[in-house]
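The file query-v9.pdb contains PDB, C-alpha atoms, pLDDT in the B column:
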ATOM      1  CA  MET S 844      98.705 118.817  79.660  1.00 55.00           C
ATOM      2  CA  LYS S 845     102.247 118.190  80.829  1.00 70.00           C
ATOM      3  CA  THR S 846     104.467 116.063  78.662  1.00 85.00           C
ATOM      4  CA  ILE S 847     106.697 113.321  79.967  1.00 92.00           C
ATOM      5  CA  SER S 848     110.113 112.445  78.605  1.00 95.00           C
ATOM      6  CA  LYS S 849     110.627 109.139  76.826  1.00 95.00           C
ATOM      7  CA  GLU S 850     113.223 108.231  79.454  1.00 97.00           C
ATOM      8  CA  THR S 851     110.853 108.875  82.364  1.00 96.00           C
ATOM      9  CA  LEU S 852     108.067 106.944  80.659  1.00 97.00           C
ATOM     10  CA  ALA S 853     110.410 103.995  80.064  1.00 97.00           C
ATOM     11  CA  MET S 854     111.492 104.105  83.735  1.00 97.00           C
ATOM     12  CA  LEU S 855     107.859 104.052  84.927  1.00 97.00           C
ATOM     13  CA  ARG S 856     106.999 101.135  82.653  1.00 97.00           C
ATOM     14  CA  GLU S 857     110.031  99.218  83.886  1.00 97.00           C
ATOM     15  CA  LYS S 858     109.311  99.979  87.549  1.00 97.00           C
ATOM     16  CA  TYR S 859     105.557  99.306  87.357  1.00 98.00           C
ATOM     17  CA  PRO S 860     104.881  96.489  84.856  1.00 98.00           C
ATOM     18  CA  ALA S 861     101.410  94.964  84.733  1.00 98.00           C
ATOM     19  CA  GLY S 862     100.807  92.807  87.791  1.00 98.00           C
ATOM     20  CA  THR S 863     102.950  94.875  90.179  1.00 98.00           C
ATOM     21  CA  ARG S 864     101.356  95.270  93.607  1.00 98.00           C
ATOM     22  CA  VAL S 865     101.309  98.844  94.906  1.00 98.00           C
ATOM     23  CA  GLU S 866     100.194 100.778  97.960  1.00 98.00           C
ATOM     24  CA  LEU S 867      98.815 104.309  97.965  1.00 98.00           C
ATOM     25  CA  VAL S 868     100.887 106.855  99.884  1.00 98.00           C
ATOM     26  CA  TYR S 869      99.167 110.055  98.663  1.00 97.00           C
ATOM     27  CA  MET S 870      96.601 110.970  96.019  1.00 96.00           C
ATOM     28  CA  ASP S 871      95.809 114.538  94.991  1.00 90.00           C
ATOM     29  CA  ASP S 872      92.095 113.965  94.340  1.00 92.00           C
ATOM     30  CA  PRO S 873      89.508 115.343  96.763  1.00 91.00           C
ATOM     31  CA  TYR S 874      86.739 113.226  95.189  1.00 93.00           C
ATOM     32  CA  THR S 875      88.249 109.761  95.567  1.00 94.00           C
ATOM     33  CA  SER S 876      87.379 107.362  98.347  1.00 94.00           C
ATOM     34  CA  LEU S 877      90.903 105.884  98.186  1.00 97.00           C
ATOM     35  CA  THR S 878      92.964 106.435 101.314  1.00 96.00           C
ATOM     36  CA  THR S 879      96.589 106.069 102.336  1.00 97.00           C
ATOM     37  CA  GLY S 880      97.435 102.386 102.656  1.00 97.00           C
ATOM     38  CA  ASP S 881      94.987 101.127 100.019  1.00 98.00           C
ATOM     39  CA  LYS S 882      96.529  98.421  97.846  1.00 98.00           C
ATOM     40  CA  GLY S 883      96.052  97.479  94.212  1.00 98.00           C
ATOM     41  CA  THR S 884      97.501  95.867  91.104  1.00 98.00           C
ATOM     42  CA  VAL S 885      99.006  97.804  88.191  1.00 98.00           C
ATOM     43  CA  LYS S 886      97.213  97.233  84.883  1.00 98.00           C
ATOM     44  CA  HIS S 887      99.430  99.405  82.652  1.00 98.00           C
ATOM     45  CA  VAL S 888     101.243 102.733  82.298  1.00 98.00           C
ATOM     46  CA  ASP S 889      99.792 104.933  79.566  1.00 97.00           C
ATOM     47  CA  ASP S 890     101.615 107.304  77.212  1.00 95.00           C
ATOM     48  CA  VAL S 891     101.381 110.292  79.594  1.00 94.00           C
ATOM     49  CA  GLY S 892     102.730 108.329  82.572  1.00 96.00           C
ATOM     50  CA  THR S 893      99.487 107.621  84.411  1.00 97.00           C
ATOM     51  CA  ILE S 894      99.777 104.319  86.243  1.00 98.00           C
ATOM     52  CA  HIS S 895      96.436 102.562  85.844  1.00 98.00           C
ATOM     53  CA  ILE S 896      95.630 100.480  88.911  1.00 98.00           C
ATOM     54  CA  SER S 897      92.900  98.030  89.825  1.00 98.00           C
ATOM     55  CA  TRP S 898      92.495  98.827  93.517  1.00 98.00           C
ATOM     56  CA  ASP S 899      91.462  96.042  95.895  1.00 98.00           C
ATOM     57  CA  CYS S 900      88.476  98.151  96.985  1.00 97.00           C
ATOM     58  CA  GLY S 901      87.086  98.088  93.422  1.00 96.00           C
ATOM     59  CA  SER S 902      88.278 101.481  92.184  1.00 96.00           C
ATOM     60  CA  LEU S 903      90.087 101.713  88.837  1.00 96.00           C
ATOM     61  CA  LEU S 904      91.557 105.192  89.397  1.00 95.00           C
ATOM     62  CA  GLY S 905      95.019 105.802  87.973  1.00 97.00           C
ATOM     63  CA  ALA S 906      97.940 107.357  89.839  1.00 97.00           C
ATOM     64  CA  VAL S 907      99.177 110.491  88.054  1.00 95.00           C
ATOM     65  CA  TYR S 908     102.960 110.736  87.744  1.00 93.00           C
ATOM     66  CA  GLY S 909     104.272 113.822  89.543  1.00 91.00           C
ATOM     67  CA  MET S 910     101.096 114.339  91.588  1.00 94.00           C
ATOM     68  CA  ASP S 911     100.148 111.081  93.293  1.00 97.00           C
ATOM     69  CA  VAL S 912     102.493 108.843  95.275  1.00 98.00           C
ATOM     70  CA  ILE S 913     102.469 105.054  95.259  1.00 98.00           C
ATOM     71  CA  THR S 914     105.007 102.487  96.400  1.00 98.00           C
ATOM     72  CA  LYS S 915     105.608  98.894  95.406  1.00 97.00           C
ATOM     73  CA  THR S 916     104.559  96.256  97.931  1.00 94.00           C
ATOM     74  CA  ILE S 917     105.853  92.753  98.431  1.00 76.00           C
TER      75      ILE S 917
END
Starting from the file, lay out its structure as structure tokens.
Amino acid sequence: MKTISKETLAMLREKYPAGTRVELVYMDDPYTSLTTGDKGTVKHVDDVGTIHISWDCGSLLGAVYGMDVITKTI
């Protein structure tokens, strides 16, 4: 398992607080049904930097820092 610096973790938690709306740009998971453009709401960022998201389609899959790409929406 990769470790994440305290500074990076703090930055992720500041950038993606609970309630932040996000859109999926890329996910490195061949088994997910999520696709580019799917939107969801951040639930929390865990201690390894995974951004846990409640996706509008019903999925609860987290975005892995350094592998998956999400962007904030308005």
Inset, instruction - Let me know the residues the PyMOL selection byres ((chain S and resi 905-916) around 7) catches in the file above, as number ranges by chain. - result: S: 864-871, 892-896, 903-904, 917
Legend entry - Selection near stretch 886-889 of chain S, 8 Å with all atoms listed in the file, sequence-local residues under 6 positions removed, as an MDAnalysis selection string: chainID S and resid 855:856 859:862 895:897
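Between atom CA of S:Ser876 and atom CA of S:Asp899 there is a distance of 12.3 Å.
Between atom CA of S:Ser848 and atom CA of S:Val891 lies a distance of 9.0 Å.
Considering the residues S:Leu852, S:Trp898, S:Lys858, S:Lys845 and counting all atoms listed in the file, S:Gly880 has its shortest atom-to-atom contact with S:Trp898.
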Padding 5 Å on every side, please: axis-aligned box over the listed atoms of stretch 857-872 of chain S, centre and edge lengths to one decimal in Å, as AutoDock Vina command-line options.
--center_x 101.1 --center_y 103.7 --center_z 91.9 --size_x 27.9 --size_y 31.7 --size_z 26.0
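Coordinates place atom CA of S:Asp872 at a distance of 20.7 Å from atom CA of S:Asp890.
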